[in-house]
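Student: Quick one, protein31.txt (compact mmCIF, C-alpha atoms):
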# COMPACT_ATOMS: atom_id res chain seq x y z
CA MET A 1 -8.94 -23.92 -9.13
CA LYS A 2 -8.67 -23.32 -5.40
CA ILE A 3 -7.67 -19.81 -4.31
CA CYS A 4 -6.92 -18.71 -0.76
CA VAL A 5 -6.17 -15.30 0.69
CA PHE A 6 -3.96 -15.45 3.77
CA GLY A 7 -4.78 -12.38 5.85
CA ALA A 8 -8.03 -10.95 4.48
CA GLY A 9 -7.80 -7.47 5.96
CA ALA A 10 -8.06 -4.34 3.82
CA VAL A 11 -6.10 -5.43 0.75
CA GLY A 12 -6.80 -9.13 1.21
CA GLY A 13 -10.51 -8.58 1.73
CA HIS A 14 -10.63 -6.48 -1.42
CA LEU A 15 -8.93 -9.22 -3.44
CA ALA A 16 -10.99 -12.06 -1.95
CA ALA A 17 -14.35 -10.39 -2.44
CA LEU A 18 -13.77 -9.39 -6.05
CA LEU A 19 -12.30 -12.77 -7.01
CA ALA A 20 -15.29 -14.53 -5.42
CA ASP A 21 -17.67 -12.11 -7.12
CA ALA A 22 -16.04 -13.06 -10.45
CA GLY A 23 -16.96 -16.69 -9.82
CA TYR A 24 -13.74 -18.15 -8.44
CA GLU A 25 -13.61 -20.60 -5.52
CA VAL A 26 -12.10 -18.43 -2.79
CA SER A 27 -11.30 -19.07 0.84
CA ALA A 28 -9.49 -16.95 3.42
CA VAL A 29 -7.41 -17.41 6.52
CA MET A 30 -8.46 -14.83 9.08
CA ARG A 31 -9.18 -14.62 12.77
CA GLY A 32 -11.02 -12.84 15.56
CA ALA A 33 -13.91 -10.49 14.89
CA ALA A 34 -13.20 -10.44 11.15
CA LEU A 35 -13.57 -14.22 10.96
CA ASP A 36 -16.82 -14.14 12.91
CA ALA A 37 -18.21 -11.39 10.70
CA VAL A 38 -17.29 -13.11 7.42
CA ARG A 39 -18.72 -16.43 8.55
CA ARG A 40 -21.94 -14.67 9.47
CA ASP A 41 -22.34 -12.04 6.75
CA GLY A 42 -19.65 -12.65 4.13
CA LEU A 43 -17.24 -10.02 2.87
CA THR A 44 -18.45 -6.55 1.91
CA VAL A 45 -16.41 -4.15 -0.20
CA HIS A 46 -17.56 -0.57 -0.80
CA LEU A 47 -16.28 0.61 -4.19
CA ASP A 48 -16.86 4.06 -5.65
CA ASP A 49 -19.65 2.83 -7.93
CA ARG A 50 -21.04 -0.26 -6.22
CA ILE A 51 -21.03 -2.52 -3.19
CA VAL A 52 -19.71 -6.07 -3.58
CA ARG A 53 -20.92 -8.75 -1.20
CA ALA A 54 -19.30 -12.16 -1.39
CA GLN A 55 -19.67 -15.39 0.53
CA ILE A 56 -16.36 -17.18 1.01
CA ARG A 57 -15.12 -20.01 3.17
CA ALA A 58 -13.15 -18.56 6.08
CA SER A 59 -11.16 -20.22 8.84
CA ASP A 60 -8.44 -19.52 11.37
CA LYS A 61 -7.16 -23.07 10.82
CA PRO A 62 -5.32 -23.34 7.47
CA GLU A 63 -5.39 -27.14 7.65
CA GLU A 64 -9.20 -27.00 7.33
CA LEU A 65 -8.87 -25.31 3.94
CA GLY A 66 -6.23 -27.67 2.56
CA ALA A 67 -3.69 -27.26 -0.23
CA GLN A 68 -4.38 -24.46 -2.70
CA ASP A 69 -3.57 -23.81 -6.35
CA ILE A 70 -3.00 -20.11 -5.74
CA LEU A 71 -2.28 -18.45 -2.41
CA PHE A 72 -2.42 -14.67 -2.07
CA VAL A 73 -0.45 -13.51 0.97
CA THR A 74 -1.56 -10.08 2.19
CA VAL A 75 -0.46 -9.99 5.83
CA LYS A 76 1.82 -7.17 6.91
CA SER A 77 5.47 -7.85 6.19
CA SER A 78 6.25 -7.42 9.89
CA ALA A 79 4.07 -10.46 10.66
CA LEU A 80 5.18 -12.59 7.73
CA PRO A 81 8.00 -14.67 9.28
CA GLN A 82 5.72 -15.70 12.15
CA ALA A 83 2.93 -16.57 9.69
CA ALA A 84 5.10 -18.73 7.42
CA LEU A 85 4.59 -21.99 9.30
CA GLY A 86 0.84 -21.43 9.28
CA MET A 87 0.89 -21.31 5.49
CA ARG A 88 2.36 -24.77 5.07
CA PRO A 89 -0.98 -26.67 5.03
CA LEU A 90 -2.08 -24.42 2.15
CA ILE A 91 0.96 -25.10 -0.04
CA LYS A 92 1.71 -28.03 -2.35
CA PRO A 93 4.78 -28.34 -4.61
CA ASP A 94 3.16 -26.42 -7.47
CA THR A 95 1.21 -23.80 -5.50
CA THR A 96 1.71 -20.27 -6.78
CA VAL A 97 2.25 -17.95 -3.81
CA VAL A 98 1.53 -14.32 -4.65
CA PHE A 99 3.07 -11.96 -2.09
CA ALA A 100 0.99 -8.78 -2.38
CA MET A 101 2.92 -6.67 0.08
CA ASN A 102 4.56 -3.30 0.63
CA GLY A 103 8.27 -2.64 0.69
CA ILE A 104 11.25 -4.80 -0.16
CA PRO A 105 10.17 -8.47 -0.24
CA TRP A 106 12.07 -11.23 1.53
CA TRP A 107 12.68 -13.03 -1.80
CA TYR A 108 14.17 -9.91 -3.48
CA TYR A 109 17.51 -11.49 -4.46
CA HIS A 110 16.07 -14.81 -5.64
CA ALA A 111 16.76 -15.21 -9.40
CA HIS A 112 18.28 -11.74 -9.25
CA GLY A 113 21.32 -12.54 -11.35
CA GLY A 114 24.84 -11.30 -10.78
CA PRO A 115 26.85 -11.40 -7.56
CA MET A 116 23.80 -10.84 -5.30
CA ASP A 117 21.82 -13.76 -6.72
CA GLY A 118 20.34 -15.92 -3.96
CA ARG A 119 21.29 -13.54 -1.17
CA ARG A 120 19.04 -13.72 1.87
CA ILE A 121 17.82 -10.63 3.73
CA ALA A 122 18.20 -11.28 7.44
CA ARG A 123 16.23 -8.17 8.40
CA LEU A 124 13.11 -9.47 6.64
CA ASP A 125 13.49 -13.20 7.29
CA PRO A 126 15.60 -13.39 10.45
CA ALA A 127 15.58 -17.16 10.94
CA GLY A 128 15.29 -18.03 7.26
CA THR A 129 11.80 -19.39 7.90
CA LEU A 130 10.24 -18.00 4.73
CA TRP A 131 13.12 -19.08 2.52
CA ASP A 132 13.32 -22.58 4.00
CA THR A 133 9.64 -23.26 4.69
CA ILE A 134 7.91 -21.73 1.65
CA GLY A 135 10.80 -21.33 -0.77
CA PRO A 136 11.39 -18.36 -3.07
CA HIS A 137 10.77 -20.51 -6.18
CA LEU A 138 7.03 -20.51 -5.37
CA ALA A 139 6.85 -16.72 -5.06
CA LEU A 140 5.31 -14.28 -7.52
CA GLY A 141 5.99 -10.63 -6.80
CA CYS A 142 3.01 -8.30 -6.59
CA THR A 143 2.38 -4.64 -5.89
CA THR A 144 -1.04 -3.09 -5.33
CA SER A 145 -2.04 0.55 -5.20
CA SER A 146 -5.74 0.62 -4.27
CA ALA A 147 -6.56 2.79 -1.27
CA CYS A 148 -8.18 0.26 1.07
CA THR A 149 -9.45 0.73 4.61
CA VAL A 150 -11.21 -1.68 6.97
CA LEU A 151 -14.40 0.07 8.10
CA ALA A 152 -15.58 -2.76 10.34
CA PRO A 153 -14.86 -6.49 10.66
CA GLY A 154 -15.48 -7.98 7.22
CA VAL A 155 -16.17 -4.59 5.63
CA VAL A 156 -13.63 -2.83 3.39
CA GLU A 157 -13.80 0.56 1.70
CA VAL A 158 -11.84 1.23 -1.51
CA LYS A 159 -11.40 4.84 -2.56
CA GLY A 160 -10.50 5.91 -6.07
CA GLY A 161 -11.42 2.64 -7.78
CA ASN A 162 -9.53 -0.59 -8.34
CA ARG A 163 -6.05 0.66 -9.12
CA GLN A 164 -3.30 -1.12 -10.94
CA ILE A 165 -1.85 -4.40 -9.76
CA ALA A 166 1.59 -5.35 -11.05
CA ILE A 167 2.73 -8.96 -10.87
CA GLY A 168 5.94 -10.55 -12.03
CA GLU A 169 8.30 -13.50 -11.77
CA PRO A 170 11.52 -12.91 -9.83
CA ASP A 171 13.45 -14.20 -12.87
CA GLY A 172 11.64 -11.86 -15.27
CA SER A 173 9.96 -14.60 -17.31
CA LEU A 174 6.41 -14.37 -18.63
CA SER A 175 5.50 -17.76 -17.23
CA SER A 176 2.25 -19.67 -17.61
CA ARG A 177 1.44 -19.16 -13.93
CA LEU A 178 2.01 -15.41 -14.30
CA ARG A 179 -0.42 -15.29 -17.22
CA LEU A 180 -2.94 -17.37 -15.26
CA VAL A 181 -2.93 -15.11 -12.19
CA SER A 182 -2.98 -12.01 -14.37
CA GLY A 183 -6.07 -13.27 -16.21
CA MET A 184 -7.87 -14.07 -12.97
CA LEU A 185 -7.26 -10.61 -11.56
CA GLU A 186 -8.45 -9.03 -14.80
CA ASP A 187 -11.63 -11.13 -14.57
CA ALA A 188 -12.13 -9.69 -11.08
CA GLY A 189 -11.96 -6.12 -12.41
CA PHE A 190 -8.39 -5.14 -11.58
CA PRO A 191 -6.17 -3.31 -14.08
CA VAL A 192 -3.19 -5.68 -14.23
CA VAL A 193 0.34 -5.39 -15.57
CA ALA A 194 2.19 -8.68 -15.98
CA THR A 195 5.73 -7.36 -15.94
CA GLN A 196 9.18 -8.72 -16.70
CA HIS A 197 10.60 -6.09 -14.33
CA ILE A 198 8.84 -6.66 -11.01
CA ARG A 199 11.67 -5.06 -9.03
CA ASP A 200 11.15 -1.80 -10.94
CA LYS A 201 7.50 -1.93 -9.85
CA ILE A 202 8.54 -2.64 -6.25
CA TRP A 203 10.75 0.45 -6.21
CA SER A 204 8.03 2.53 -7.86
CA LYS A 205 5.56 1.52 -5.16
CA LEU A 206 8.20 2.19 -2.51
CA ALA A 207 8.61 5.70 -3.87
CA LEU A 208 4.92 6.28 -3.10
CA ASN A 209 5.04 4.52 0.28
CA LEU A 210 8.08 6.48 1.41
CA ALA A 211 6.81 9.76 -0.02
CA SER A 212 3.99 9.74 2.54
CA GLY A 213 4.76 6.97 5.07
CA PRO A 214 7.30 8.61 7.41
CA MET A 215 5.35 11.87 7.43
CA ALA A 216 2.11 9.96 8.01
CA VAL A 217 3.58 8.24 11.08
CA LEU A 218 4.50 11.67 12.45
CA ALA A 219 1.17 13.23 11.45
CA PRO A 220 -1.45 10.49 10.89
CA VAL A 221 -3.95 12.52 8.87
CA ALA A 222 -5.64 12.22 5.50
CA MET A 223 -3.31 12.84 2.58
CA LYS A 224 -5.25 15.89 1.45
CA GLU A 225 -4.52 17.50 4.82
CA MET A 226 -0.85 16.54 4.74
CA PHE A 227 -0.28 17.81 1.23
CA ALA A 228 -2.07 21.08 1.83
CA GLU A 229 1.21 21.98 3.55
CA PRO A 230 3.91 23.38 1.20
CA ALA A 231 6.73 21.87 3.28
CA CYS A 232 5.20 18.39 2.96
CA ILE A 233 4.82 18.84 -0.79
CA ALA A 234 8.48 19.83 -1.09
CA ALA A 235 9.52 16.85 1.05
CA ARG A 236 7.50 14.49 -1.16
CA TYR A 237 9.32 15.63 -4.30
CA ARG A 238 12.69 15.26 -2.59
CA ILE A 239 11.83 11.75 -1.36
CA HIS A 240 10.86 10.69 -4.88
CA GLU A 241 14.31 11.80 -6.05
CA GLU A 242 16.07 9.91 -3.26
CA VAL A 243 14.16 6.66 -3.85
CA ALA A 244 14.83 6.89 -7.59
CA ALA A 245 18.53 7.22 -6.79
CA ILE A 246 18.48 4.12 -4.53
CA ALA A 247 16.64 2.14 -7.20
CA ALA A 248 19.20 3.20 -9.81
CA GLY A 249 21.99 2.11 -7.48
CA MET A 250 20.30 -1.30 -7.31
CA GLY A 251 20.07 -1.51 -11.10
CA CYS A 252 16.37 -0.63 -11.23
CA ARG A 253 14.26 2.33 -12.27
CA THR A 254 11.15 3.95 -10.88
CA ASP A 255 8.22 4.84 -13.10
CA VAL A 256 6.13 7.30 -11.13
CA ASP A 257 4.03 10.12 -12.57
CA ILE A 258 4.86 12.51 -9.76
CA GLU A 259 2.61 15.32 -10.95
CA GLY A 260 -0.30 12.95 -11.51
CA ASN A 261 0.26 11.38 -8.11
CA MET A 262 0.37 14.78 -6.42
CA ALA A 263 -2.98 15.62 -8.01
CA ILE A 264 -4.43 12.46 -6.45
CA VAL A 265 -3.03 12.87 -2.94
CA ARG A 266 -4.02 16.54 -2.74
CA THR A 267 -7.68 15.51 -2.87
CA SER A 268 -7.48 12.09 -1.17
CA SER A 269 -9.25 11.53 2.14
CA HIS A 270 -7.36 8.24 2.56
CA THR A 271 -4.98 7.91 5.51
CA PRO A 272 -1.90 5.83 4.59
CA SER A 273 -2.05 2.28 5.92
CA ILE A 274 1.11 2.69 7.97
CA ALA A 275 -0.53 5.63 9.76
CA GLN A 276 -3.66 3.54 10.32
CA ASP A 277 -1.46 0.95 12.03
CA VAL A 278 0.10 3.56 14.31
CA LEU A 279 -3.29 5.04 15.21
CA LYS A 280 -4.64 1.59 16.10
CA GLY A 281 -1.60 0.56 18.12
CA ARG A 282 -0.44 -2.07 15.62
CA LYS A 283 3.19 -2.60 14.72
CA PRO A 284 3.89 -0.79 11.44
CA GLU A 285 5.92 -2.22 8.55
CA LEU A 286 9.17 -0.53 9.46
CA GLU A 287 11.66 -3.13 8.26
CA SER A 288 10.48 -3.60 4.67
CA ILE A 289 9.35 -0.03 3.93
CA PHE A 290 11.74 2.14 5.98
CA LEU A 291 14.83 0.27 7.10
CA GLN A 292 15.72 -2.14 4.30
CA PRO A 293 15.59 0.51 1.54
CA LEU A 294 17.87 2.75 3.59
CA GLU A 295 20.25 -0.16 4.18
CA MET A 296 20.36 -0.64 0.41
CA ALA A 297 21.06 3.08 0.00
CA ARG A 298 24.10 2.74 2.24
CA GLU A 299 25.27 -0.29 0.25
CA CYS A 300 24.97 1.71 -2.98
CA GLN A 301 26.54 4.80 -1.37
CA VAL A 302 23.44 6.86 -2.16
CA GLU A 303 22.80 9.85 0.10
CA THR A 304 19.24 10.19 1.41
CA PRO A 305 19.17 13.13 3.83
CA MET A 306 15.41 13.75 3.70
CA LEU A 307 14.54 10.10 4.24
CA ASP A 308 17.20 9.73 6.94
CA LEU A 309 15.65 12.56 8.95
CA LEU A 310 12.01 11.62 8.51
CA VAL A 311 12.56 7.91 9.13
CA ALA A 312 14.62 8.63 12.25
CA LEU A 313 11.83 10.81 13.63
CA ALA A 314 9.16 8.27 12.69
CA LEU A 315 11.10 5.51 14.45
CA LEU A 316 11.41 7.64 17.57
CA LYS A 317 7.65 8.21 17.57
CA VAL A 318 6.90 4.51 17.15
CA LYS A 319 9.39 3.69 19.92
CA SER A 320 7.80 6.23 22.23
CA GLN A 321 4.44 4.54 21.69
CA ARG A 322 6.00 1.11 22.26
CA LEU A 323 4.34 -0.40 19.20
Output the file's structure as structure tokens, nothing else.
Tutor:
Amino acid sequence: MKICVFGAGAVGGHLAALLADAGYEVSAVMRGAALDAVRRDGLTVHLDDRIVRAQIRASDKPEELGAQDILFVTVKSSALPQAALGMRPLIKPDTTVVFAMNGIPWWYYHAHGGPMDGRRIARLDPAGTLWDTIGPHLALGCTTSSACTVLAPGVVEVKGGNRQIAIGEPDGSLSSRLRLVSGMLEDAGFPVVATQHIRDKIWSKLALNLASGPMAVLAPVAMKEMFAEPACIAARYRIHEEVAAIAAGMGCRTDVDIEGNMAIVRTSSHTPSIAQDVLKGRKPELESIFLQPLEMARECQVETPMLDLLVALALLKVKSQRL
């Protein structure tokens, strides 16, 4: 069983190291200083209770790694269309491609059912490269919630433990490949939910991303600092309500323990990944996390005044920094 992680940054490095530590044959596509560090020292992941060090095969040339049985894609959604062609050497007709990403995925309407079935999302796949090159039939949906940060090339810190991973088929089936990937992730120490309602999980994760993301772009600080402010707490509750309304308009539901989540973020020293991108001058995931959900809100005629304001301000800040 050959497993590859395409884009072994914070989330990808976490997945690759723990899968390798569990005994699986793992490789990774990465580049630059991270590639040099992993070739030299392997991957290192700092968990709350231990440090995992794993040796994996790493390359910036996918063709060197060859076709894979399972491919985990963890690059930012903003870079995904450009990365699609680079994935081709890793994919064979029966490769399972697990897109562990934030926001609305490019394959969202594949096997959706109803009048929107098969609809393509131009904002997320402008030239249709992902749809035509990889194909939505190979995709498994995946959401992750671990708080991961790259400390140095090849070194990842995970705060608060290995949090739940949800994976699901776009058509809602409990397929053999879904059960296989679920079992592998459980072997690696992740709490896993193999769901028949992956879009519900996507909207639930979006509720968390949007509840901090726009504010984090405006004020890139640790969540415990942000949510020491009463106005930010109030905004978070309002955003949860707005995202739940969009999800309902799309025929989905969110399942977020808001009070439990607030208890976590009020003590968390983690800075949201989208804020990390802004601080480091990287292009943030605006299309999948901010813009596409709001486009869906307009389609469903759902009003989102809090999100409209915060996203507009966040976009102005990103534009001013020319990211």
Student: Can you write out as a tab-separated table which residues of stretch 233-267 of chain A fall within 10 Å of stretch 282-296 of chain A, alongside each residue's closest atom pair and its distance in Å to one decimal, counting only C-alpha atoms and ordering rows by chain and ascending residue number?
Tutor:
residue	atom	partner	partner_atom	distance
A:Val243	CA	A:Pro293	CA	8.3
A:Ile246	CA	A:Met296	CA	7.1
A:Ala247	CA	A:Met296	CA	8.9
A:Gly249	CA	A:Met296	CA	8.5
A:Met250	CA	A:Met296	CA	7.7
Student: Pick out the closest residue to A:Gly7 from this set: A:Ile134, A:Ala83, A:Val38, A:Leu279. Count all atoms listed in the file.
Tutor: A:Ala83
Student: Tell me, in Å to one decimal, how far atom CA of A:Met101 is from atom CA of A:Glu229.
Tutor: 28.9 Å
Student: Residues within 9 Å of A:Pro136, please, as an MDAnalysis selection string. Count all atoms listed in the file; anything in the same chain fewer than 6 positions from it doesn't count.
Tutor: chainID A and resid 106:108 110:111 130 170
Student: Provide the atom CA of A:Arg179 to atom CA of A:Ser204 distance in Å, to one decimal place.
Tutor: 21.8 Å
Student: Skip stretch 30-33 of chain A itself and residues of its chain fewer than 5 positions away, then list as a list in words all residues within 10 Å of it, counting only C-alpha atoms.
Tutor: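 The filter keeps Val5, Phe6, Gly7, Ala8, Gly9, Gly12, Gly13, Val38, Arg39, Ala58, Ser59, Asp60, Lys61, Pro62, Val75, Ala152, Pro153 and Gly154 of chain A.
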Student: Near stretch 206-211 of chain A, within 9 Å and counting only C-alpha atoms, which residues show up once chain neighbours fewer than 5 positions away are dropped, as a compact mmCIF listing (two decimals) with C-alpha atoms, in the coordinates of the input?
Tutor:
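What follows is the written file selection-v9.txt:
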# COMPACT_ATOMS: atom_id res chain seq x y z
CA ASN A 102 4.56 -3.30 0.63
CA GLY A 103 8.27 -2.64 0.69
CA ILE A 104 11.25 -4.80 -0.16
CA LYS A 201 7.50 -1.93 -9.85
CA ALA A 235 9.52 16.85 1.05
CA ARG A 236 7.50 14.49 -1.16
CA TYR A 237 9.32 15.63 -4.30
CA ARG A 238 12.69 15.26 -2.59
CA ILE A 239 11.83 11.75 -1.36
CA HIS A 240 10.86 10.69 -4.88
CA GLU A 241 14.31 11.80 -6.05
CA GLU A 242 16.07 9.91 -3.26
CA VAL A 243 14.16 6.66 -3.85
CA ALA A 244 14.83 6.89 -7.59
CA THR A 254 11.15 3.95 -10.88
CA VAL A 256 6.13 7.30 -11.13
CA ASN A 261 0.26 11.38 -8.11
CA PRO A 272 -1.90 5.83 4.59
CA ILE A 274 1.11 2.69 7.97
CA ILE A 289 9.35 -0.03 3.93
CA PHE A 290 11.74 2.14 5.98
CA PRO A 293 15.59 0.51 1.54
CA LEU A 307 14.54 10.10 4.24
Student: Which residues are close to A:Ala216, i.e. within 12 Å by all atoms listed in the file, leaving aside same-chain residues fewer than 4 positions away? Reply as a count of residues only.
Tutor: 32
Student: For A:Phe72, which residue among A:Leu85, A:Val156, A:Cys142, A:Ala10 is the nearest when counting only C-alpha atoms?
Tutor: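 Of all the options, A:Cys142 lies closest to A:Phe72.
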Student: Would you list the residues near (-4.6, -22.6, 5.4), meaning any protein, DNA or RNA residue with an atom at most 8 Å from that point in file coordinates, counting only C-alpha atoms, as a list in words?
Tutor: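 Here is the list of nearby residues: Cys4, Phe6, Ala28, Val29, Ser59, Asp60, Lys61, Pro62, Glu63, Glu64, Leu65, Gly66, Ala67, Gly86, Met87, Arg88, Pro89 and Leu90 of chain A.
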Student: One decimal, Å: what's the distance from atom CA of A:Ala245 over to atom CA of A:Glu303, could you say?
Tutor: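 Atom-to-atom, atom CA of A:Ala245 and atom CA of A:Glu303 are spaced 8.5 Å apart.
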Student: Take every atom of stretch 296-310 of chain A listed in the file, pad by 6 Å on each side, and give me the axis-aligned box centre and edge lengths in Å, one decimal, as JSON.
Tutor:
{"center_x": 19.3, "center_y": 6.6, "center_z": 3.0, "size_x": 26.5, "size_y": 26.4, "size_z": 23.9}
Student: Let me make sure I understand: among A:Ala122, A:Leu218, A:Ala17, A:Ile198, which one has the smallest atom-to-atom distance to A:Ile56 if we use all atoms listed in the file?
Tutor: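 Residue with the minimum atom-to-atom distance to A:Ile56: A:Ala17.
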Student: Nearest to A:Glu186 among A:Arg199, A:Arg40, A:Lys280, A:Arg163, with distances taken over all atoms listed in the file: which residue is it?
Tutor: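 Closest to A:Glu186, using all atoms listed in the file: A:Arg163.
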Student: Closest to A:Ala16 among A:Ile51, A:Leu124, A:Lys159, A:Ala188, using only C-alpha atoms?
Tutor: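 Between A:Ile51, A:Leu124, A:Lys159, A:Ala188, the residue approaching A:Ala16 most closely is A:Ala188.
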Student: For A:Val11, which residue among A:Gly128, A:Thr267, A:Arg57, A:Glu157 is the nearest when counting all atoms listed in the file?
Tutor: A:Glu157
Student: Could you give me, as a JSON list (two decimals) with C-alpha atoms, keeping the file's coordinate frame, the residues within 12 Å of A:Gly114, counting all atoms listed in the file and dropping anything in the same chain fewer than 5 positions from it?
Tutor:
[["chain", "number", "residue", "atom", "x", "y", "z"],
["A", 109, "TYR", "CA", 17.51, -11.49, -4.46],
["A", 119, "ARG", "CA", 21.29, -13.54, -1.17],
["A", 171, "ASP", "CA", 13.45, -14.20, -12.87],
["A", 250, "MET", "CA", 20.30, -1.30, -7.31],
["A", 251, "GLY", "CA", 20.07, -1.51, -11.10]]
